Amino acid sequence: MSAIDRVTGLMDTLGAPGAGIAIALENLFPPIPSEAILPLAGFAASTGRMSLVAVLLWTTAGSVIGALALYGVGALLGRDRTVALAARLPLVKVSDIERTEAWFLRHGTKAVFFGRMIPVFRSLVSVPAGVERMPLPVFLTLTTLGSALWNTAFVLAGHALGANWTRVTDVVSAYSKVVLALAALAAVAFIAVRLLRRGRPNPTEVSEPS
């Protein structure tokens, strides 16, 4: 049985709450992306199998619950453990973590809100929010708003396309590949810069001629 079949079975059994559960699980264990679940739920609503409003409410609730779980993981991990773990990674310096932390403290609210609309990073952004202990009411508000916008767009697209709901997934799949490619390029650039810096002699370590 494919992942799509499992989600369909979940919605057939539980209705709109099944779509919400699928979205919550997608945040934690992404067997199938929300870009496929949401238009499928919209299509199901277009056939009268469930209420469109219920689908929007339950999928948004599922997104928030999944994000809250990852926020909790970040909060339990904490800054000190995060820095300690990151410092053990090759080519990663504590100063990099501190700069990232400073950036998140300045732009964390934007990251959480807009991050909910970027494939791959939709779930990951909740972890640093937890690590930095973003005020929970702020996190929940931004996550709910961002998730509601994302979910509504895809559910309505699936509802409008009906049996052709897979067209939404095809378009977003290409978008996701672009996002992943850009992230991979950024990672390669980061590693290249680190390796180049390692290869250069440190001026403070070069002894002056006698």
# chains A, B, ... in the order shown; residues from 1 in each chain; ligands from 1
>>> residues_around(residues="A:Gly115", least_positions_apart="6", cutoff="10 Å", atoms="only C-alpha atoms", output="ChimeraX atom specification")
/A:108-109,121-126,142-143,146-147
>>> write_last_selection(atoms="N, CA, C and O atoms", output="PDB file, in the first residue's frame")
ATOM      1  N   GLY A 108      13.760  35.887  13.861  1.00  0.00           N
ATOM      2  CA  GLY A 108      13.061  34.636  14.163  1.00  0.00           C
ATOM      3  C   GLY A 108      11.584  34.653  13.841  1.00  0.00           C
ATOM      4  O   GLY A 108      11.037  33.674  13.341  1.00  0.00           O
ATOM      5  N   THR A 109      10.920  35.779  14.097  1.00  0.00           N
ATOM      6  CA  THR A 109       9.477  35.837  13.833  1.00  0.00           C
ATOM      7  C   THR A 109       9.187  35.695  12.337  1.00  0.00           C
ATOM      8  O   THR A 109       8.261  34.974  11.943  1.00  0.00           O
ATOM      9  N   PHE A 121      11.923  23.193   4.903  1.00  0.00           N
ATOM     10  CA  PHE A 121      12.190  24.010   6.079  1.00  0.00           C
ATOM     11  C   PHE A 121      10.945  24.259   6.917  1.00  0.00           C
ATOM     12  O   PHE A 121      11.035  24.799   8.019  1.00  0.00           O
ATOM     13  N   ARG A 122       9.784  23.875   6.408  1.00  0.00           N
ATOM     14  CA  ARG A 122       8.530  24.109   7.121  1.00  0.00           C
ATOM     15  C   ARG A 122       8.568  23.512   8.523  1.00  0.00           C
ATOM     16  O   ARG A 122       8.107  24.111   9.483  1.00  0.00           O
ATOM     17  N   SER A 123       9.105  22.312   8.625  1.00  0.00           N
ATOM     18  CA  SER A 123       9.178  21.641   9.925  1.00  0.00           C
ATOM     19  C   SER A 123      10.429  22.041  10.694  1.00  0.00           C
ATOM     20  O   SER A 123      10.381  22.257  11.906  1.00  0.00           O
ATOM     21  N   LEU A 124      11.554  22.149   9.983  1.00  0.00           N
ATOM     22  CA  LEU A 124      12.836  22.383  10.650  1.00  0.00           C
ATOM     23  C   LEU A 124      12.883  23.698  11.412  1.00  0.00           C
ATOM     24  O   LEU A 124      13.561  23.798  12.435  1.00  0.00           O
ATOM     25  N   VAL A 125      12.162  24.711  10.937  1.00  0.00           N
ATOM     26  CA  VAL A 125      12.242  26.030  11.564  1.00  0.00           C
ATOM     27  C   VAL A 125      11.705  26.011  12.992  1.00  0.00           C
ATOM     28  O   VAL A 125      12.047  26.882  13.808  1.00  0.00           O
ATOM     29  N   SER A 126      10.890  25.019  13.330  1.00  0.00           N
ATOM     30  CA  SER A 126      10.342  24.943  14.683  1.00  0.00           C
ATOM     31  C   SER A 126      11.403  24.581  15.715  1.00  0.00           C
ATOM     32  O   SER A 126      11.278  24.944  16.894  1.00  0.00           O
ATOM     33  N   LEU A 142       2.304  32.757  15.011  1.00  0.00           N
ATOM     34  CA  LEU A 142       2.971  32.804  13.709  1.00  0.00           C
ATOM     35  C   LEU A 142       2.825  31.482  12.968  1.00  0.00           C
ATOM     36  O   LEU A 142       2.601  31.455  11.747  1.00  0.00           O
ATOM     37  N   THR A 143       2.960  30.384  13.691  1.00  0.00           N
ATOM     38  CA  THR A 143       2.834  29.066  13.072  1.00  0.00           C
ATOM     39  C   THR A 143       1.423  28.838  12.557  1.00  0.00           C
ATOM     40  O   THR A 143       1.222  28.309  11.456  1.00  0.00           O
ATOM     41  N   GLY A 146       0.922  31.194   9.394  1.00  0.00           N
ATOM     42  CA  GLY A 146       1.673  30.693   8.245  1.00  0.00           C
ATOM     43  C   GLY A 146       1.109  29.384   7.732  1.00  0.00           C
ATOM     44  O   GLY A 146       0.968  29.179   6.513  1.00  0.00           O
ATOM     45  N   SER A 147       0.770  28.480   8.643  1.00  0.00           N
ATOM     46  CA  SER A 147       0.214  27.186   8.248  1.00  0.00           C
ATOM     47  C   SER A 147      -1.153  27.347   7.599  1.00  0.00           C
ATOM     48  O   SER A 147      -1.472  26.658   6.622  1.00  0.00           O
TER      49      SER A 147
END
>>> closest_residue(among="A:Thr144, A:Thr166, A:Thr47, A:Thr82", to="A:Leu68", atoms="only C-alpha atoms")
A:Thr144
>>> closest_residue(among="A:Val64, A:Ala54, A:Leu76, A:Met11", to="A:Asn27", atoms="only C-alpha atoms")
A:Val64
>>> atom_distance(atom1="atom CA of A:Ser34", atom2="atom CA of A:Leu149")
13.0 Å
>>> residues_around(residues="A:Gly15", least_positions_apart="6", cutoff="9 Å", atoms="only C-alpha atoms", output="number ranges by chain")
A: 49-51, 54-55
